[in-house]
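As stored in final14.cif (mmCIF, C-alpha atoms):
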```cif
data_start
loop_
_atom_site.group_PDB
_atom_site.id
_atom_site.type_symbol
_atom_site.label_atom_id
_atom_site.label_comp_id
_atom_site.auth_asym_id
_atom_site.auth_seq_id
_atom_site.Cartn_x
_atom_site.Cartn_y
_atom_site.Cartn_z
ATOM 1 C CA MET A 17 0.000 0.000 0.000
ATOM 2 C CA ASP A 18 1.918 2.921 -1.387
ATOM 3 C CA LYS A 19 -0.335 5.837 -0.470
ATOM 4 C CA PRO A 20 -2.359 6.690 2.633
ATOM 5 C CA VAL A 21 -5.529 6.636 0.503
ATOM 6 C CA HIS A 22 -4.891 2.917 -0.089
ATOM 7 C CA LEU A 23 -5.212 2.416 3.659
ATOM 8 C CA VAL A 24 -8.494 4.335 3.628
ATOM 9 C CA GLU A 25 -9.790 2.126 0.797
ATOM 10 C CA PHE A 26 -8.913 -1.011 2.702
ATOM 11 C CA GLU A 27 -10.404 0.168 5.982
ATOM 12 C CA THR A 28 -13.631 1.385 4.328
ATOM 13 C CA MET A 29 -13.946 -1.994 2.619
ATOM 14 C CA LEU A 30 -13.707 -3.671 6.009
ATOM 15 C CA LEU A 31 -16.149 -1.209 7.549
ATOM 16 C CA SER A 32 -18.737 -1.915 4.856
ATOM 17 C CA ARG A 33 -18.208 -5.639 5.379
ATOM 18 C CA TYR A 34 -18.999 -5.288 9.064
ATOM 19 C CA GLN A 35 -21.914 -2.933 8.435
ATOM 20 C CA LEU A 36 -23.584 -5.193 5.864
ATOM 21 C CA SER A 37 -23.261 -8.344 7.906
ATOM 22 C CA SER A 38 -25.835 -11.084 7.416
ATOM 23 C CA ARG A 39 -26.480 -10.878 11.161
ATOM 24 C CA ARG A 40 -28.935 -8.068 10.400
ATOM 25 C CA ARG A 41 -31.591 -10.437 9.069
ATOM 26 C CA ALA A 42 -30.862 -13.136 11.624
ATOM 27 C CA HIS A 43 -31.626 -10.682 14.430
ATOM 28 C CA GLY A 44 -34.747 -9.160 12.852
ATOM 29 C CA MET A 45 -33.003 -5.913 12.048
ATOM 30 C CA LEU A 46 -34.134 -3.590 9.283
ATOM 31 C CA GLU A 47 -32.710 -3.949 5.802
ATOM 32 C CA ARG A 48 -30.080 -1.306 5.116
ATOM 33 C CA SER A 49 -32.335 0.432 2.567
ATOM 34 C CA ALA A 50 -35.197 0.556 5.095
ATOM 35 C CA TYR A 51 -32.902 2.007 7.746
ATOM 36 C CA VAL A 52 -31.657 4.707 5.350
ATOM 37 C CA LEU A 53 -35.164 5.603 4.133
ATOM 38 C CA LEU A 54 -36.662 5.735 7.615
ATOM 39 C CA SER A 55 -33.707 7.813 8.828
ATOM 40 C CA ARG A 56 -34.173 10.312 6.009
ATOM 41 C CA LEU A 57 -37.919 10.574 6.593
ATOM 42 C CA ALA A 58 -37.247 11.086 10.318
ATOM 43 C CA ILE A 59 -34.993 14.034 9.490
ATOM 44 C CA ASP A 60 -36.941 15.588 6.593
ATOM 45 C CA GLY A 61 -40.526 14.665 7.381
ATOM 46 C CA PRO A 62 -42.988 13.497 4.704
ATOM 47 C CA ARG A 63 -41.550 13.206 1.195
ATOM 48 C CA SER A 64 -42.778 12.135 -2.221
ATOM 49 C CA ILE A 65 -41.129 9.429 -4.303
ATOM 50 C CA ARG A 66 -39.554 12.157 -6.447
ATOM 51 C CA GLN A 67 -38.180 14.035 -3.431
ATOM 52 C CA LEU A 68 -36.766 10.814 -1.991
ATOM 53 C CA SER A 69 -35.358 9.847 -5.374
ATOM 54 C CA ASP A 70 -33.566 13.189 -5.643
ATOM 55 C CA ALA A 71 -32.311 13.051 -2.053
ATOM 56 C CA LEU A 72 -31.083 9.448 -2.180
ATOM 57 C CA HIS A 73 -29.982 9.474 -5.821
ATOM 58 C CA LEU A 74 -32.050 6.376 -6.578
ATOM 59 C CA ASP A 75 -34.243 5.791 -9.597
ATOM 60 C CA ALA A 76 -37.966 5.933 -8.948
ATOM 61 C CA SER A 77 -38.543 2.230 -9.687
ATOM 62 C CA THR A 78 -35.948 1.100 -7.122
ATOM 63 C CA LEU A 79 -37.319 3.513 -4.573
ATOM 64 C CA SER A 80 -40.891 2.438 -5.294
ATOM 65 C CA ARG A 81 -39.964 -1.185 -4.504
ATOM 66 C CA GLN A 82 -38.289 -0.108 -1.275
ATOM 67 C CA ILE A 83 -41.278 2.025 -0.275
ATOM 68 C CA ALA A 84 -43.649 -0.848 -1.138
ATOM 69 C CA ALA A 85 -41.774 -3.088 1.315
ATOM 70 C CA LEU A 86 -42.011 -0.407 4.015
ATOM 71 C CA LEU A 87 -45.742 0.007 3.322
ATOM 72 C CA ARG A 88 -46.251 -3.760 3.491
ATOM 73 C CA ASP A 89 -44.474 -3.849 6.870
ATOM 74 C CA ARG A 90 -46.499 -0.811 8.029
ATOM 75 C CA LEU A 91 -43.326 1.206 8.676
ATOM 76 C CA VAL A 92 -44.470 4.091 6.443
ATOM 77 C CA GLU A 93 -47.841 5.329 5.273
ATOM 78 C CA ARG A 94 -49.122 7.333 2.294
ATOM 79 C CA ILE A 95 -50.551 10.724 3.080
ATOM 80 C CA PRO A 96 -51.884 13.627 1.028
ATOM 81 C CA ASP A 97 -49.334 16.380 0.439
ATOM 82 C CA PRO A 98 -49.569 18.646 3.522
ATOM 83 C CA ASP A 99 -48.770 21.597 1.224
ATOM 84 C CA GLY A 100 -51.711 20.797 -1.079
ATOM 85 C CA GLY A 101 -49.676 19.392 -3.975
ATOM 86 C CA MET A 102 -50.855 16.526 -6.141
ATOM 87 C CA ALA A 103 -48.171 13.991 -5.248
ATOM 88 C CA ARG A 104 -48.793 11.670 -2.347
ATOM 89 C CA LYS A 105 -46.145 11.703 0.335
ATOM 90 C CA PHE A 106 -44.810 9.081 2.670
ATOM 91 C CA ARG A 107 -44.149 9.423 6.367
ATOM 92 C CA THR A 108 -43.034 7.055 9.053
ATOM 93 C CA THR A 109 -45.682 5.368 11.149
ATOM 94 C CA ALA A 110 -45.439 4.963 14.910
ATOM 95 C CA GLU A 111 -44.213 1.406 14.235
ATOM 96 C CA GLY A 112 -41.633 2.736 11.775
ATOM 97 C CA GLU A 113 -40.375 5.241 14.341
ATOM 98 C CA HIS A 114 -40.257 2.511 16.987
ATOM 99 C CA ARG A 115 -38.291 0.132 14.733
ATOM 100 C CA LEU A 116 -35.916 2.893 13.648
ATOM 101 C CA GLU A 117 -35.221 3.921 17.241
ATOM 102 C CA ALA A 118 -34.762 0.285 18.307
ATOM 103 C CA GLU A 119 -32.350 -0.297 15.434
ATOM 104 C CA ARG A 120 -30.463 2.895 16.175
ATOM 105 C CA ALA A 121 -30.193 1.946 19.860
ATOM 106 C CA ALA A 122 -28.833 -1.502 18.932
ATOM 107 C CA ILE A 123 -26.268 0.048 16.579
ATOM 108 C CA ILE A 124 -25.213 2.583 19.203
ATOM 109 C CA SER A 125 -24.899 -0.179 21.785
ATOM 110 C CA GLY A 126 -22.670 -2.126 19.401
ATOM 111 C CA LEU A 127 -20.548 0.947 18.708
ATOM 112 C CA GLU A 128 -20.197 1.552 22.442
ATOM 113 C CA ARG A 129 -18.923 -2.016 22.864
ATOM 114 C CA VAL A 130 -16.448 -1.576 19.992
ATOM 115 C CA MET A 131 -15.179 1.763 21.350
ATOM 116 C CA ARG A 132 -15.366 0.991 25.062
ATOM 117 C CA ASP A 133 -11.627 1.593 25.469
ATOM 118 C CA TRP A 134 -11.689 4.873 23.526
ATOM 119 C CA THR A 135 -11.664 8.226 25.287
ATOM 120 C CA PRO A 136 -14.546 10.618 24.641
ATOM 121 C CA HIS A 137 -12.032 12.811 22.775
ATOM 122 C CA GLU A 138 -11.097 9.909 20.466
ATOM 123 C CA VAL A 139 -14.750 9.101 19.743
ATOM 124 C CA THR A 140 -15.478 12.764 18.972
ATOM 125 C CA ALA A 141 -12.408 13.039 16.730
ATOM 126 C CA PHE A 142 -13.437 9.876 14.864
ATOM 127 C CA ALA A 143 -16.976 11.232 14.390
ATOM 128 C CA ASP A 144 -15.518 14.519 13.124
ATOM 129 C CA TYR A 145 -13.360 12.687 10.568
ATOM 130 C CA LEU A 146 -16.313 10.568 9.430
ATOM 131 C CA ARG A 147 -18.459 13.679 9.047
ATOM 132 C CA ARG A 148 -15.717 15.388 7.037
ATOM 133 C CA PHE A 149 -15.258 12.288 4.866
ATOM 134 C CA ASN A 150 -18.999 11.948 4.207
ATOM 135 C CA SER A 151 -19.366 15.695 3.617
ATOM 136 C CA SER A 152 -16.607 15.540 0.995
ATOM 137 C CA ILE A 153 -18.457 12.739 -0.788
ATOM 138 C CA GLU A 154 -21.704 14.717 -0.602
ATOM 139 C CA GLN A 155 -20.003 17.836 -1.969
ATOM 140 C CA LEU A 156 -18.708 15.902 -4.992
ATOM 141 C CA ASP A 157 -22.137 14.325 -5.490
ATOM 142 C CA GLY A 158 -24.022 17.593 -4.982
ATOM 143 C CA ARG A 159 -26.448 15.978 -2.533
ATOM 144 C CA PRO A 160 -25.777 16.958 1.077
ATOM 145 C CA TRP A 161 -27.330 14.781 3.744
ATOM 146 C CA PRO A 162 -29.028 16.691 6.552
ATOM 147 C CA ARG A 163 -27.173 16.407 9.840
ATOM 148 C CA PRO A 164 -28.586 16.133 13.347
ATOM 149 C CA ILE A 165 -28.479 19.106 15.647
ATOM 150 C CA THR A 166 -25.230 19.429 17.608
ATOM 151 C CA SER A 167 -26.472 17.159 20.405
ATOM 152 C CA GLY A 168 -25.422 14.196 18.271
ATOM 153 C CA ARG A 169 -28.952 12.765 18.303
ATOM 154 C CA LEU A 170 -31.229 12.676 15.307
ATOM 155 C CA PRO A 171 -34.502 14.561 15.611
ATOM 156 C CA HIS A 172 -37.491 12.507 16.671
ATOM 157 C CA ARG A 173 -40.735 13.244 14.841
#
```

Using structure tokens, write down the structure that the file contains.
Amino acid sequence: MDKPVHLVEFETMLLSRYQLSSRRRAHGMLERSAYVLLSRLAIDGPRSIRQLSDALHLDASTLSRQIAALLRDRLVERIPDPDGGMARKFRTTAEGEHRLEAERAAIISGLERVMRDWTPHEVTAFADYLRRFNSSIEQLDGRPWPRPITSGRLPHR
């Protein structure tokens, strides 16, 4: 590995391997796409397929299949556009919020176990580097992802 960026490539490959583990299904956890969609709806509030497609950079057919699975599992619901527009919007249900919060709590618990020997300063520095890394990707892509308020917790709707 000749350059530091090669180390980043290798470590991000490992991180994605751990993140996408098959243990998710075995433990009744949400699919990654469901977790991402529910997280975005929790931050942004109700959104149409087009708005979600633009935000997530997914084609409408892929997103429609993902939304259909969330509807089937009663994790989201269709609602009329609160602003009076023609497009129907989707919002998380109480069950969707519950599952998202349970999933988030399980992930946080796992991260706490992984970083139990880290100082608070090290955890904060790591989070800052991850935010910078993700923000650089978003800047190149032209699609920033909304961030939680400075408390480090995502808003609860």

Segment 101-114 of chain A: axis-aligned bounding box, 5 Å on each side, centre and edge lengths in Å, one decimal, as AutoDock Vina command-line options:
```
--center_x -45.6 --center_y 10.4 --center_z 5.4 --size_x 20.6 --size_y 28.0 --size_z 33.1
```

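Against the coordinates shown, the PyMOL selection byres ((chain A and resi 99-112) around 9) returns Leu54, Leu57, Ala58, Gly61, Pro62, Arg63, Ser64, Ile65, Arg66, Ile83, Leu86, Asp89, Arg90, Leu91, Val92, Glu93, Arg94, Ile95, Pro96, Asp97, Pro98, Glu113, His114, Arg115, Leu116, Glu117 and Arg173 of chain A.
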
Go through segment 28-133 of chain A residue by residue and, counting all atoms listed in the file, keep those with an atom at most 12 Å from segment 154-159 of chain A; for each kept residue give the shortest atom pair and its distance in Å to one decimal, ordered by chain and increasing number, as a Markdown table.
```
| residue | atom | partner | partner_atom | distance |
| --- | --- | --- | --- | --- |
| A:Gln67 | CA | A:Arg159 | CA | 11.9 |
| A:Leu68 | CA | A:Arg159 | CA | 11.6 |
| A:Ser69 | CA | A:Arg159 | CA | 11.2 |
| A:Asp70 | CA | A:Arg159 | CA | 8.3 |
| A:Ala71 | CA | A:Arg159 | CA | 6.6 |
| A:Leu72 | CA | A:Arg159 | CA | 8.0 |
| A:His73 | CA | A:Arg159 | CA | 8.1 |
| A:Leu74 | CA | A:Arg159 | CA | 11.8 |
```

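Separating atom CA of Pro164 of chain A from atom CA of Arg88 of chain A is a distance of 28.4 Å.
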
What separates atom CA of Leu146 of chain A and atom CA of Ala76 of chain A is a distance of 28.8 Å

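You will find atom CA of Ala143 of chain A at 19.2 Å from atom CA of Glu119 of chain A.
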
- Query: Between A:Ala141, A:Ser55, A:Asp133, A:Gly126, which one has atoms that come closest to Pro162 of chain A, using all atoms listed in the file?
  - Reply: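 Comparing A:Ala141, A:Ser55, A:Asp133, A:Gly126 against Pro162 of chain A, the winner is A:Ser55.
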
Of A:Arg56, A:Thr140, A:Ser77, A:Val130, the one nearest to Arg163 of chain A when counting only C-alpha atoms is A:Arg56

Considering all atoms listed in the file, tabulate each residue of segment 118-159 of chain A that lies at most 10 Å from segment 44-51 of chain A along with its nearest interatomic pair and the corresponding distance in Å to one decimal; arrange the rows by chain and ascending residue number and present them as JSON lines.
```
{"residue": "A:Ala118", "atom": "CA", "partner": "A:Met45", "partner_atom": "CA", "distance": 9.0}
{"residue": "A:Glu119", "atom": "CA", "partner": "A:Met45", "partner_atom": "CA", "distance": 6.6}
{"residue": "A:Arg120", "atom": "CA", "partner": "A:Tyr51", "partner_atom": "CA", "distance": 8.8}
{"residue": "A:Ala122", "atom": "CA", "partner": "A:Met45", "partner_atom": "CA", "distance": 9.2}
```

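The smallest atom-to-atom distance between Trp161 of chain A and any of A:His137, A:Val52, A:Ser32, A:Leu127, using only C-alpha atoms, is found for A:Val52.
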